[in-house]
>>> print(open('run07.pdb').read())   # PDB, C-alpha atoms and all ligand atoms
ATOM      1  CA  MET A  27     -49.282 -40.302-106.235
ATOM      2  CA  ALA A  28     -45.485 -40.801-105.932
ATOM      3  CA  LYS A  29     -44.370 -42.543-102.747
ATOM      4  CA  ARG A  30     -42.332 -40.753-100.089
ATOM      5  CA  LYS A  31     -38.644 -40.834-101.055
ATOM      6  CA  THR A  32     -36.080 -42.216 -98.644
ATOM      7  CA  ILE A  33     -32.413 -41.379 -98.055
ATOM      8  CA  PRO A  34     -31.300 -44.358-100.220
ATOM      9  CA  ASP A  35     -33.569 -43.003-103.001
ATOM     10  CA  PHE A  36     -31.857 -39.587-102.786
ATOM     11  CA  LYS A  37     -28.392 -41.204-102.772
ATOM     12  CA  LYS A  38     -29.355 -43.197-105.872
ATOM     13  CA  MET A  39     -30.571 -40.016-107.595
ATOM     14  CA  VAL A  40     -27.252 -38.327-106.840
ATOM     15  CA  ALA A  41     -25.309 -41.337-108.127
ATOM     16  CA  GLU A  42     -27.342 -41.213-111.352
ATOM     17  CA  GLY A  43     -26.976 -37.429-111.734
ATOM     18  CA  GLU A  44     -30.677 -36.695-111.162
ATOM     19  CA  LYS A  45     -31.293 -33.375-109.387
ATOM     20  CA  ILE A  46     -33.261 -33.271-106.128
ATOM     21  CA  VAL A  47     -36.072 -30.680-105.978
ATOM     22  CA  TYR A  48     -36.335 -29.146-102.533
ATOM     23  CA  LEU A  49     -38.625 -26.302-101.414
ATOM     24  CA  THR A  50     -39.786 -24.838 -98.110
ATOM     25  CA  ALA A  51     -43.373 -25.049 -96.838
ATOM     26  CA  TYR A  52     -44.906 -24.027 -93.541
ATOM     27  CA  ASP A  53     -48.606 -24.879 -93.790
ATOM     28  CA  TYR A  54     -51.067 -27.559 -94.886
ATOM     29  CA  LEU A  55     -52.320 -25.907 -98.073
ATOM     30  CA  THR A  56     -48.951 -24.976 -99.527
ATOM     31  CA  ALA A  57     -47.605 -28.439 -98.726
ATOM     32  CA  LYS A  58     -50.559 -29.993-100.545
ATOM     33  CA  TYR A  59     -49.824 -27.996-103.721
ATOM     34  CA  GLU A  60     -46.107 -28.810-103.448
ATOM     35  CA  GLU A  61     -46.804 -32.537-103.217
ATOM     36  CA  ARG A  62     -49.146 -32.307-106.220
ATOM     37  CA  ALA A  63     -46.425 -30.473-108.177
ATOM     38  CA  GLY A  64     -43.840 -33.197-107.561
ATOM     39  CA  ILE A  65     -41.597 -31.499-104.986
ATOM     40  CA  GLU A  66     -39.401 -34.300-103.592
ATOM     41  CA  MET A  67     -38.168 -32.798-100.343
ATOM     42  CA  ILE A  68     -39.766 -30.106 -98.158
ATOM     43  CA  LEU A  69     -37.902 -28.004 -95.613
ATOM     44  CA  VAL A  70     -40.016 -26.627 -92.813
ATOM     45  CA  GLY A  71     -37.438 -23.920 -92.232
ATOM     46  CA  ASP A  72     -37.114 -21.605 -89.279
ATOM     47  CA  SER A  73     -37.556 -18.941 -92.003
ATOM     48  CA  LEU A  74     -41.116 -19.592 -90.775
ATOM     49  CA  GLY A  75     -40.368 -16.770 -88.342
ATOM     50  CA  MET A  76     -39.900 -14.242 -91.127
ATOM     51  CA  VAL A  77     -42.178 -15.383 -93.932
ATOM     52  CA  GLN A  78     -45.145 -16.611 -91.881
ATOM     53  CA  LEU A  79     -44.942 -15.191 -88.373
ATOM     54  CA  GLY A  80     -43.742 -11.688 -89.278
ATOM     55  CA  TYR A  81     -40.592 -11.519 -87.128
ATOM     56  CA  PRO A  82     -37.602  -9.580 -88.509
ATOM     57  CA  THR A  83     -35.272 -12.587 -87.941
ATOM     58  CA  THR A  84     -35.485 -16.340 -87.310
ATOM     59  CA  PHE A  85     -34.286 -16.051 -83.679
ATOM     60  CA  PRO A  86     -37.687 -15.899 -81.912
ATOM     61  CA  VAL A  87     -38.937 -19.162 -83.477
ATOM     62  CA  THR A  88     -39.586 -21.845 -80.843
ATOM     63  CA  MET A  89     -39.653 -25.644 -80.947
ATOM     64  CA  ASP A  90     -43.431 -25.531 -80.417
ATOM     65  CA  ASP A  91     -43.797 -23.216 -83.455
ATOM     66  CA  MET A  92     -41.733 -25.637 -85.535
ATOM     67  CA  ILE A  93     -43.626 -28.746 -84.421
ATOM     68  CA  ARG A  94     -47.035 -27.173 -85.063
ATOM     69  CA  HIS A  95     -46.027 -26.144 -88.599
ATOM     70  CA  CYS A  96     -44.247 -29.427 -89.364
ATOM     71  CA  CYS A  97     -47.429 -31.305 -88.383
ATOM     72  CA  ALA A  98     -49.493 -29.090 -90.710
ATOM     73  CA  VAL A  99     -47.037 -29.652 -93.573
ATOM     74  CA  ARG A 100     -47.063 -33.403 -92.983
ATOM     75  CA  ARG A 101     -50.895 -33.405 -93.159
ATOM     76  CA  GLY A 102     -50.678 -31.595 -96.506
ATOM     77  CA  ALA A 103     -47.838 -33.678 -97.945
ATOM     78  CA  PRO A 104     -48.014 -37.225 -96.559
ATOM     79  CA  ASN A 105     -45.869 -38.537 -99.427
ATOM     80  CA  VAL A 106     -42.985 -36.056 -99.347
ATOM     81  CA  PHE A 107     -39.678 -36.351 -97.421
ATOM     82  CA  ILE A 108     -39.791 -33.602 -94.770
ATOM     83  CA  VAL A 109     -36.813 -31.900 -93.140
ATOM     84  CA  GLY A 110     -37.495 -30.198 -89.801
ATOM     85  CA  ASP A 111     -35.275 -27.187 -89.120
ATOM     86  CA  MET A 112     -33.954 -26.913 -85.567
ATOM     87  CA  PRO A 113     -34.600 -23.359 -84.336
ATOM     88  CA  TYR A 114     -32.135 -21.113 -82.546
ATOM     89  CA  MET A 115     -31.072 -22.485 -79.129
ATOM     90  CA  SER A 116     -32.822 -25.827 -79.621
ATOM     91  CA  TYR A 117     -29.488 -27.638 -80.146
ATOM     92  CA  GLN A 118     -26.700 -25.305 -79.034
ATOM     93  CA  VAL A 119     -27.004 -25.850 -75.275
ATOM     94  CA  SER A 120     -26.213 -29.564 -74.849
ATOM     95  CA  ASN A 121     -26.211 -32.911 -76.634
ATOM     96  CA  GLU A 122     -29.106 -34.074 -74.454
ATOM     97  CA  LEU A 123     -31.316 -31.103 -75.358
ATOM     98  CA  ALA A 124     -30.361 -31.414 -79.026
ATOM     99  CA  ILE A 125     -31.314 -35.120 -79.104
ATOM    100  CA  ALA A 126     -34.590 -34.493 -77.257
ATOM    101  CA  ASN A 127     -35.586 -31.658 -79.598
ATOM    102  CA  ALA A 128     -34.512 -33.520 -82.731
ATOM    103  CA  GLY A 129     -36.587 -36.464 -81.516
ATOM    104  CA  ARG A 130     -39.697 -34.268 -81.291
ATOM    105  CA  PHE A 131     -39.520 -33.575 -85.044
ATOM    106  CA  ILE A 132     -39.574 -37.313 -85.758
ATOM    107  CA  LYS A 133     -41.948 -38.476 -83.044
ATOM    108  CA  GLU A 134     -44.522 -35.646 -82.982
ATOM    109  CA  ALA A 135     -44.404 -34.382 -86.572
ATOM    110  CA  ASP A 136     -43.367 -37.417 -88.627
ATOM    111  CA  CYS A 137     -40.386 -35.573 -90.148
ATOM    112  CA  ASP A 138     -37.814 -37.690 -91.982
ATOM    113  CA  CYS A 139     -34.735 -35.818 -90.784
ATOM    114  CA  ILE A 140     -33.640 -32.637 -89.049
ATOM    115  CA  LYS A 141     -31.391 -29.806 -90.197
ATOM    116  CA  LEU A 142     -29.092 -27.668 -88.092
ATOM    117  CA  GLU A 143     -26.724 -24.799 -88.880
ATOM    118  CA  GLY A 144     -22.974 -24.487 -88.488
ATOM    119  CA  ALA A 145     -19.884 -26.687 -88.438
ATOM    120  CA  GLY A 146     -17.852 -25.624 -85.422
ATOM    121  CA  PRO A 147     -16.549 -28.272 -82.975
ATOM    122  CA  GLN A 148     -19.611 -27.976 -80.742
ATOM    123  CA  ILE A 149     -22.031 -28.311 -83.667
ATOM    124  CA  CYS A 150     -20.128 -31.373 -84.930
ATOM    125  CA  GLU A 151     -20.538 -32.867 -81.456
ATOM    126  CA  ARG A 152     -24.303 -32.280 -81.715
ATOM    127  CA  VAL A 153     -24.387 -33.900 -85.164
ATOM    128  CA  LYS A 154     -22.599 -36.970 -83.733
ATOM    129  CA  ALA A 155     -24.968 -37.122 -80.775
ATOM    130  CA  ILE A 156     -28.175 -36.735 -82.813
ATOM    131  CA  SER A 157     -27.130 -39.134 -85.570
ATOM    132  CA  GLY A 158     -25.834 -41.501 -82.864
ATOM    133  CA  ALA A 159     -29.374 -41.511 -81.471
ATOM    134  CA  GLY A 160     -30.595 -42.734 -84.858
ATOM    135  CA  ILE A 161     -31.923 -39.440 -86.250
ATOM    136  CA  MET A 162     -30.763 -38.411 -89.711
ATOM    137  CA  VAL A 163     -29.085 -34.990 -89.808
ATOM    138  CA  MET A 164     -28.701 -32.514 -92.660
ATOM    139  CA  GLY A 165     -25.940 -29.944 -92.128
ATOM    140  CA  HIS A 166     -26.152 -26.313 -93.273
ATOM    141  CA  ILE A 167     -23.123 -24.133 -94.040
ATOM    142  CA  GLY A 168     -22.354 -20.867 -95.838
ATOM    143  CA  LEU A 169     -24.834 -18.069 -95.229
ATOM    144  CA  THR A 170     -26.366 -19.521 -92.071
ATOM    145  CA  PRO A 171     -28.973 -17.060 -90.715
ATOM    146  CA  GLN A 172     -28.580 -18.175 -87.066
ATOM    147  CA  PHE A 173     -24.924 -17.048 -87.315
ATOM    148  CA  ALA A 174     -25.705 -13.749 -89.110
ATOM    149  CA  ALA A 175     -24.038 -11.681 -86.382
ATOM    150  CA  GLN A 176     -20.764 -13.625 -86.687
ATOM    151  CA  LEU A 177     -20.930 -13.539 -90.501
ATOM    152  CA  GLY A 178     -21.420  -9.760 -90.597
ATOM    153  CA  GLY A 179     -25.064  -9.940 -91.737
ATOM    154  CA  TYR A 180     -26.948 -11.773 -94.483
ATOM    155  CA  LYS A 181     -24.031 -11.768 -96.946
ATOM    156  CA  ALA A 182     -22.706 -14.197 -99.527
ATOM    157  CA  GLN A 183     -19.962 -16.456 -98.130
ATOM    158  CA  GLY A 184     -16.872 -18.164 -99.585
ATOM    159  CA  LYS A 185     -15.883 -15.186-101.711
ATOM    160  CA  SER A 186     -12.109 -15.590-101.270
ATOM    161  CA  MET A 187      -9.896 -18.652-101.735
ATOM    162  CA  GLU A 188      -9.344 -18.871 -97.965
ATOM    163  CA  ALA A 189     -13.058 -18.574 -97.208
ATOM    164  CA  ALA A 190     -13.907 -21.193 -99.838
ATOM    165  CA  LEU A 191     -11.321 -23.641 -98.437
ATOM    166  CA  LYS A 192     -12.722 -23.051 -94.956
ATOM    167  CA  LEU A 193     -16.223 -23.973 -96.196
ATOM    168  CA  MET A 194     -14.832 -27.111 -97.845
ATOM    169  CA  ALA A 195     -13.207 -28.085 -94.547
ATOM    170  CA  GLU A 196     -16.503 -27.447 -92.731
ATOM    171  CA  ALA A 197     -18.363 -29.699 -95.169
ATOM    172  CA  LYS A 198     -15.801 -32.479 -94.597
ATOM    173  CA  ARG A 199     -16.135 -32.147 -90.818
ATOM    174  CA  LEU A 200     -19.933 -32.381 -90.994
ATOM    175  CA  GLU A 201     -19.715 -35.430 -93.255
ATOM    176  CA  GLU A 202     -17.286 -37.084 -90.809
ATOM    177  CA  ALA A 203     -19.543 -36.176 -87.874
ATOM    178  CA  GLY A 204     -22.407 -38.118 -89.472
ATOM    179  CA  CYS A 205     -24.499 -35.774 -91.646
ATOM    180  CA  TRP A 206     -26.252 -37.674 -94.433
ATOM    181  CA  ALA A 207     -26.468 -34.488 -96.562
ATOM    182  CA  ILE A 208     -25.385 -30.855 -96.411
ATOM    183  CA  LEU A 209     -27.181 -27.703 -97.514
ATOM    184  CA  VAL A 210     -24.835 -24.983 -98.796
ATOM    185  CA  GLU A 211     -26.255 -21.460 -98.835
ATOM    186  CA  GLY A 212     -25.180 -18.216-100.489
ATOM    187  CA  VAL A 213     -21.821 -19.048-102.088
ATOM    188  CA  PRO A 214     -20.393 -18.594-105.616
ATOM    189  CA  ALA A 215     -21.118 -21.478-108.013
ATOM    190  CA  ILE A 216     -17.439 -22.566-108.126
ATOM    191  CA  VAL A 217     -17.524 -23.006-104.337
ATOM    192  CA  GLY A 218     -20.725 -25.062-104.489
ATOM    193  CA  LYS A 219     -19.045 -27.206-107.145
ATOM    194  CA  ALA A 220     -15.863 -27.707-105.108
ATOM    195  CA  ILE A 221     -17.861 -28.758-102.037
ATOM    196  CA  LYS A 222     -19.948 -31.157-104.126
ATOM    197  CA  GLU A 223     -16.913 -32.692-105.829
ATOM    198  CA  GLN A 224     -15.121 -33.516-102.575
ATOM    199  CA  ALA A 225     -18.243 -34.927-100.875
ATOM    200  CA  ASN A 226     -19.414 -38.526-100.492
ATOM    201  CA  ILE A 227     -22.892 -37.391 -99.411
ATOM    202  CA  PRO A 228     -25.588 -35.351-101.214
ATOM    203  CA  ILE A 229     -24.847 -31.610-101.376
ATOM    204  CA  LEU A 230     -27.914 -29.418-101.776
ATOM    205  CA  GLY A 231     -27.721 -25.749-102.606
ATOM    206  CA  ILE A 232     -29.681 -22.560-102.047
ATOM    207  CA  GLY A 233     -27.945 -19.724-103.844
ATOM    208  CA  ALA A 234     -24.922 -21.989-104.395
ATOM    209  CA  GLY A 235     -25.035 -22.316-108.204
ATOM    210  CA  SER A 236     -26.104 -25.114-110.505
ATOM    211  CA  TYR A 237     -23.548 -27.824-109.695
ATOM    212  CA  THR A 238     -24.990 -29.049-106.403
ATOM    213  CA  ASP A 239     -27.029 -32.286-106.273
ATOM    214  CA  GLY A 240     -30.283 -30.438-105.738
ATOM    215  CA  GLN A 241     -31.814 -26.991-105.359
ATOM    216  CA  LEU A 242     -33.727 -25.411-102.488
ATOM    217  CA  LEU A 243     -35.675 -22.147-102.512
ATOM    218  CA  ILE A 244     -37.976 -20.501-100.009
ATOM    219  CA  TYR A 245     -41.419 -20.929-101.550
ATOM    220  CA  ALA A 246     -42.582 -17.456-100.513
ATOM    221  CA  ASP A 247     -39.621 -15.937-102.423
ATOM    222  CA  MET A 248     -39.948 -18.003-105.601
ATOM    223  CA  ALA A 249     -43.727 -17.576-105.754
ATOM    224  CA  GLY A 250     -43.556 -13.772-105.359
ATOM    225  CA  TYR A 251     -45.304 -13.807-101.979
ATOM    226  CA  TYR A 252     -42.770 -12.469 -99.419
ATOM    227  CA  ASP A 253     -41.849  -8.949-100.556
ATOM    228  CA  ASP A 254     -39.876  -7.498 -97.627
ATOM    229  CA  PHE A 255     -36.769  -8.343 -99.684
ATOM    230  CA  CYS A 256     -35.731 -10.848-102.331
ATOM    231  CA  PRO A 257     -32.246 -12.436-102.367
ATOM    232  CA  LYS A 258     -30.216 -12.202-105.609
ATOM    233  CA  PHE A 259     -30.267 -15.978-106.117
ATOM    234  CA  VAL A 260     -34.065 -16.251-106.258
ATOM    235  CA  LYS A 261     -35.939 -16.732-109.509
ATOM    236  CA  GLN A 262     -39.589 -15.755-109.212
ATOM    237  CA  TYR A 263     -41.902 -18.250-110.900
ATOM    238  CA  GLY A 264     -45.083 -16.350-110.052
ATOM    239  CA  GLN A 265     -46.567 -13.320-108.310
ATOM    240  CA  ILE A 266     -48.817 -14.789-105.648
ATOM    241  CA  GLY A 267     -48.670 -11.650-103.483
ATOM    242  CA  PRO A 268     -50.039  -9.251-106.125
ATOM    243  CA  ALA A 269     -52.599 -11.885-107.239
ATOM    244  CA  LEU A 270     -53.882 -12.201-103.652
ATOM    245  CA  GLN A 271     -53.922  -8.442-103.201
ATOM    246  CA  LYS A 272     -56.048  -8.104-106.357
ATOM    247  CA  CYS A 273     -58.535 -10.671-104.958
ATOM    248  CA  PHE A 274     -58.744  -8.817-101.655
ATOM    249  CA  GLU A 275     -59.198  -5.422-103.354
ATOM    250  CA  GLU A 276     -62.021  -6.744-105.558
ATOM    251  CA  TYR A 277     -63.697  -8.274-102.502
ATOM    252  CA  VAL A 278     -63.502  -4.950-100.632
ATOM    253  CA  ALA A 279     -65.009  -3.107-103.616
ATOM    254  CA  GLU A 280     -67.843  -5.645-104.131
ATOM    255  CA  VAL A 281     -68.855  -5.820-100.466
ATOM    256  CA  LYS A 282     -68.901  -2.026-100.303
ATOM    257  CA  SER A 283     -70.962  -1.735-103.506
ATOM    258  CA  GLY A 284     -73.321  -4.597-102.634
ATOM    259  CA  ALA A 285     -72.265  -6.594-105.723
ATOM    260  CA  PHE A 286     -71.284  -9.468-103.401
ATOM    261  CA  PRO A 287     -73.019 -11.627-102.408
ATOM    262  CA  ASP A 288     -75.433 -12.216-105.293
ATOM    263  CA  ASN A 289     -78.330 -14.013-103.574
ATOM    264  CA  SER A 290     -79.072 -16.025-106.728
ATOM    265  CA  LYS A 291     -75.552 -17.544-106.710
ATOM    266  CA  HIS A 292     -73.859 -17.277-103.328
ATOM    267  CA  CYS A 293     -76.735 -18.154-101.021
ATOM    268  CA  TYR A 294     -78.569 -21.195 -99.615
ATOM    269  CA  LYS A 295     -81.960 -21.968-101.171
ATOM    270  CA  ILE A 296     -85.375 -22.172 -99.527
ATOM    271  CA  SER A 297     -88.469 -23.439-101.346
ATOM    272  CA  ASP A 298     -90.969 -20.793-102.582
ATOM    273  CA  GLU A 299     -93.574 -22.357-100.319
ATOM    274  CA  GLU A 300     -91.410 -22.069 -97.166
ATOM    275  CA  ALA A 301     -90.303 -18.558 -98.135
ATOM    276  CA  GLU A 302     -93.953 -17.456 -98.512
ATOM    277  CA  LYS A 303     -94.891 -19.029 -95.160
ATOM    278  CA  LEU A 304     -91.936 -17.333 -93.496
ATOM    279  CA  GLN A 305     -92.799 -13.959 -95.058
ATOM    280  CA  ALA A 306     -96.405 -14.264 -93.899
ATOM    281  CA  LYS A 307     -95.227 -15.059 -90.365
ATOM    282  CA  LEU A 308     -92.816 -12.146 -90.326
ATOM    283  CA  ASP A 309     -95.571  -9.780 -91.542
ATOM    284  CA  GLU A 310     -97.903 -11.103 -88.809
ATOM    285  CA  LEU A 311     -95.232 -10.633 -86.124
ATOM    286  CA  LYS A 312     -94.646  -7.066 -87.276
ATOM    287  CA  GLY A 313     -98.363  -6.497 -86.755
TER     288      GLY A 313
HETATM  289  O1  LIG B 401     -35.073 -21.658 -92.581
HETATM  290  C1  LIG B 401     -34.868 -21.846 -93.779
HETATM  291  O2  LIG B 401     -35.764 -21.771 -94.645
HETATM  292  C2  LIG B 401     -33.509 -22.181 -94.173
HETATM  293  C3  LIG B 401     -33.139 -21.806 -95.559
HETATM  294  C4  LIG B 401     -32.846 -20.352 -95.607
HETATM  295  C5  LIG B 401     -32.002 -22.590 -96.034
HETATM  296  O3  LIG B 401     -32.750 -22.644 -93.378
END
>>> encode(input="run07.pdb", output="structure tokens", more="lines below")
Ligand code: KIV
Amino acid sequence: MAKRKTIPDFKKMVAEGEKIVYLTAYDYLTAKYEERAGIEMILVGDSLGMVQLGYPTTFPVTMDDMIRHCCAVRRGAPNVFIVGDMPYMSYQVSNELAIANAGRFIKEADCDCIKLEGAGPQICERVKAISGAGIMVMGHIGLTPQFAAQLGGYKAQGKSMEAALKLMAEAKRLEEAGCWAILVEGVPAIVGKAIKEQANIPILGIGAGSYTDGQLLIYADMAGYYDDFCPKFVKQYGQIGPALQKCFEEYVAEVKSGAFPDNSKHCYKISDEEAEKLQAKLDELKG
């Protein structure tokens, strides 16, 4: 079993041109399979709200939701670097609240760092405060779901020269504020490349092209599980949803027909002697 990677390990990988493999997980079982597969970094994203809890957005997700799921992921993947995603309004209100909530990810769920969205002056202040308290922070710019209203919906970002330069400036500000890495979401590949080339810290991408130092996907998208919609940048490596549905449909049919359970295979055994004694007793009780 590979040992849990550290931030110096990731920096070394970037320096040597080795890509970082990053994927979301929200539960014990999925995390276990991800660790077995060699995933190096897991994001317990607030996408939890949409792909696990059934909300239409990430806004309703609470700190308690995040901590419970981070703990489950840590139990499934004890040897993987875990990033805890700070949910909406867990860091916006004040530096004190942001530090306290970030600390919960580390103290209660054994996460290795936290991630937060945005790069405005107030967010940079939070990054300084949290990293100043000794907690490693990953920034997140581009298509940031918690800012969907300001961005005009879930749309690709950085699609003009001005917008791309603005994203580059945001990345610089986050680096200066103390982020150890930045996730860039939903931008053209040339923009991902420009942000990576100006950075002195790891730049990870989700829908940001192939030039970033690593790739993130939402596991439920790439495994063909979440089917409410599928972003353009996702490649599906499997069809877990239809495979599960087929299992459930066969189970329904076999229970209805009586084909399951087969008492010779799916049942606990009793010796012939005890079965005969029991049958005799039941017959006697019936009179
Ligand atoms: O919550 C999440 O999974 C995320 C990704 C969309 C980047 O923040």
>>> residues_near_ligand(input="run07.pdb", ligand="ligand LIG 401 (chain B)", cutoff="6 Å", atoms="only C-alpha atoms and all ligand atoms", output="ChimeraX atom specification")
/A:71-73,244
>>> residues_around(input="run07.pdb", residues="Lys258 of chain A", least_positions_apart="4", cutoff="10 Å", atoms="only C-alpha atoms", output="VMD selection string")
chain A and resid 182 212 233
>>> resolve_selection(input="run07.pdb", expression="the PyMOL selection byres (((chain A and resi 196) around 12) and not hetatm)", output="PDB file with C-alpha atoms, keeping the file's coordinate frame")
ATOM      1  CA  GLU A 143     -26.724 -24.799 -88.880  1.00  0.00           C
ATOM      2  CA  GLY A 144     -22.974 -24.487 -88.488  1.00  0.00           C
ATOM      3  CA  ALA A 145     -19.884 -26.687 -88.438  1.00  0.00           C
ATOM      4  CA  GLY A 146     -17.852 -25.624 -85.422  1.00  0.00           C
ATOM      5  CA  PRO A 147     -16.549 -28.272 -82.975  1.00  0.00           C
ATOM      6  CA  ILE A 149     -22.031 -28.311 -83.667  1.00  0.00           C
ATOM      7  CA  CYS A 150     -20.128 -31.373 -84.930  1.00  0.00           C
ATOM      8  CA  GLY A 165     -25.940 -29.944 -92.128  1.00  0.00           C
ATOM      9  CA  HIS A 166     -26.152 -26.313 -93.273  1.00  0.00           C
ATOM     10  CA  ILE A 167     -23.123 -24.133 -94.040  1.00  0.00           C
ATOM     11  CA  GLY A 168     -22.354 -20.867 -95.838  1.00  0.00           C
ATOM     12  CA  GLY A 184     -16.872 -18.164 -99.585  1.00  0.00           C
ATOM     13  CA  ALA A 189     -13.058 -18.574 -97.208  1.00  0.00           C
ATOM     14  CA  ALA A 190     -13.907 -21.193 -99.838  1.00  0.00           C
ATOM     15  CA  LEU A 191     -11.321 -23.641 -98.437  1.00  0.00           C
ATOM     16  CA  LYS A 192     -12.722 -23.051 -94.956  1.00  0.00           C
ATOM     17  CA  LEU A 193     -16.223 -23.973 -96.196  1.00  0.00           C
ATOM     18  CA  MET A 194     -14.832 -27.111 -97.845  1.00  0.00           C
ATOM     19  CA  ALA A 195     -13.207 -28.085 -94.547  1.00  0.00           C
ATOM     20  CA  ALA A 197     -18.363 -29.699 -95.169  1.00  0.00           C
ATOM     21  CA  LYS A 198     -15.801 -32.479 -94.597  1.00  0.00           C
ATOM     22  CA  ARG A 199     -16.135 -32.147 -90.818  1.00  0.00           C
ATOM     23  CA  LEU A 200     -19.933 -32.381 -90.994  1.00  0.00           C
ATOM     24  CA  GLU A 201     -19.715 -35.430 -93.255  1.00  0.00           C
ATOM     25  CA  GLU A 202     -17.286 -37.084 -90.809  1.00  0.00           C
ATOM     26  CA  ALA A 203     -19.543 -36.176 -87.874  1.00  0.00           C
ATOM     27  CA  CYS A 205     -24.499 -35.774 -91.646  1.00  0.00           C
ATOM     28  CA  ILE A 208     -25.385 -30.855 -96.411  1.00  0.00           C
ATOM     29  CA  LEU A 209     -27.181 -27.703 -97.514  1.00  0.00           C
ATOM     30  CA  VAL A 210     -24.835 -24.983 -98.796  1.00  0.00           C
ATOM     31  CA  ILE A 221     -17.861 -28.758-102.037  1.00  0.00           C
ATOM     32  CA  GLN A 224     -15.121 -33.516-102.575  1.00  0.00           C
ATOM     33  CA  ALA A 225     -18.243 -34.927-100.875  1.00  0.00           C
TER      34      ALA A 225
END
>>> resolve_selection(input="run07.pdb", expression="the PyMOL selection byres (((chain A and resi 262) around 10) and not hetatm)", output="ChimeraX atom specification")
/A:245-251,256,259-261,263-266
>>> residues_around(input="run07.pdb", residues="Ile140 of chain A", least_positions_apart="5", cutoff="12 Å", atoms="all atoms listed in the file", output="ChimeraX atom specification")
/A:68-72,92-93,96,107-113,116-117,124-133,135,152-153,156-157,160-166,205-209
>>> closest_residue(input="run07.pdb", among="A:Thr238, A:His95, A:Leu123, A:Cys139", to="Leu79 of chain A", atoms="all atoms listed in the file")
A:His95
>>> axis_aligned_box(input="run07.pdb", around="segment 151-159 of chain A", padding_each_side="4 Å", output="lines of an AutoDock Vina configuration file")
center_x = -25.0
center_y = -36.9
center_z = -83.2
size_x = 16.8
size_y = 17.2
size_z = 12.8
>>> residues_around(input="run07.pdb", residues="Gly231 of chain A", least_positions_apart="4", cutoff="8 Å", atoms="all atoms listed in the file", output="PyMOL selection string")
chain A and resi 209-211+218+235+238-242
>>> atom_distance(input="run07.pdb", atom1="atom CA of Tyr52 of chain A", atom2="atom CA of Gln78 of chain A")
7.6 Å
>>> resolve_selection(input="run07.pdb", expression="the PyMOL selection byres (((chain A and resi 67) around 12) and not hetatm)", output="mmCIF file with C-alpha atoms, in the coordinates of the input")
data_model
loop_
_atom_site.group_PDB
_atom_site.id
_atom_site.type_symbol
_atom_site.label_atom_id
_atom_site.label_comp_id
_atom_site.auth_asym_id
_atom_site.auth_seq_id
_atom_site.Cartn_x
_atom_site.Cartn_y
_atom_site.Cartn_z
ATOM 1 C CA LYS A 29 -44.370 -42.543 -102.747
ATOM 2 C CA ARG A 30 -42.332 -40.753 -100.089
ATOM 3 C CA LYS A 31 -38.644 -40.834 -101.055
ATOM 4 C CA THR A 32 -36.080 -42.216 -98.644
ATOM 5 C CA ILE A 33 -32.413 -41.379 -98.055
ATOM 6 C CA ASP A 35 -33.569 -43.003 -103.001
ATOM 7 C CA PHE A 36 -31.857 -39.587 -102.786
ATOM 8 C CA LYS A 45 -31.293 -33.375 -109.387
ATOM 9 C CA ILE A 46 -33.261 -33.271 -106.128
ATOM 10 C CA VAL A 47 -36.072 -30.680 -105.978
ATOM 11 C CA TYR A 48 -36.335 -29.146 -102.533
ATOM 12 C CA LEU A 49 -38.625 -26.302 -101.414
ATOM 13 C CA THR A 50 -39.786 -24.838 -98.110
ATOM 14 C CA ALA A 51 -43.373 -25.049 -96.838
ATOM 15 C CA ALA A 57 -47.605 -28.439 -98.726
ATOM 16 C CA GLU A 60 -46.107 -28.810 -103.448
ATOM 17 C CA GLU A 61 -46.804 -32.537 -103.217
ATOM 18 C CA ALA A 63 -46.425 -30.473 -108.177
ATOM 19 C CA GLY A 64 -43.840 -33.197 -107.561
ATOM 20 C CA ILE A 65 -41.597 -31.499 -104.986
ATOM 21 C CA GLU A 66 -39.401 -34.300 -103.592
ATOM 22 C CA ILE A 68 -39.766 -30.106 -98.158
ATOM 23 C CA LEU A 69 -37.902 -28.004 -95.613
ATOM 24 C CA VAL A 70 -40.016 -26.627 -92.813
ATOM 25 C CA VAL A 99 -47.037 -29.652 -93.573
ATOM 26 C CA ARG A 100 -47.063 -33.403 -92.983
ATOM 27 C CA ALA A 103 -47.838 -33.678 -97.945
ATOM 28 C CA PRO A 104 -48.014 -37.225 -96.559
ATOM 29 C CA ASN A 105 -45.869 -38.537 -99.427
ATOM 30 C CA VAL A 106 -42.985 -36.056 -99.347
ATOM 31 C CA PHE A 107 -39.678 -36.351 -97.421
ATOM 32 C CA ILE A 108 -39.791 -33.602 -94.770
ATOM 33 C CA VAL A 109 -36.813 -31.900 -93.140
ATOM 34 C CA GLY A 110 -37.495 -30.198 -89.801
ATOM 35 C CA CYS A 137 -40.386 -35.573 -90.148
ATOM 36 C CA ASP A 138 -37.814 -37.690 -91.982
ATOM 37 C CA CYS A 139 -34.735 -35.818 -90.784
ATOM 38 C CA LEU A 230 -27.914 -29.418 -101.776
ATOM 39 C CA GLY A 240 -30.283 -30.438 -105.738
ATOM 40 C CA GLN A 241 -31.814 -26.991 -105.359
ATOM 41 C CA LEU A 242 -33.727 -25.411 -102.488
ATOM 42 C CA LEU A 243 -35.675 -22.147 -102.512
#
>>> closest_residue(input="run07.pdb", among="A:Ala220, A:Ser120, A:Glu275, A:Asp53", to="Met187 of chain A", atoms="only C-alpha atoms")
A:Ala220
>>> closest_residue(input="run07.pdb", among="A:Asp136, A:Gly75, A:Thr84, A:Lys303", to="Met115 of chain A", atoms="all atoms listed in the file")
A:Thr84
>>> atom_distance(input="run07.pdb", atom1="atom CA of Ile229 of chain A", atom2="atom CA of Val40 of chain A")
9.0 Å
>>> closest_residue(input="run07.pdb", among="A:Lys282, A:Leu142, A:Gly158, A:Asn289", to="Pro171 of chain A", atoms="only C-alpha atoms")
A:Leu142
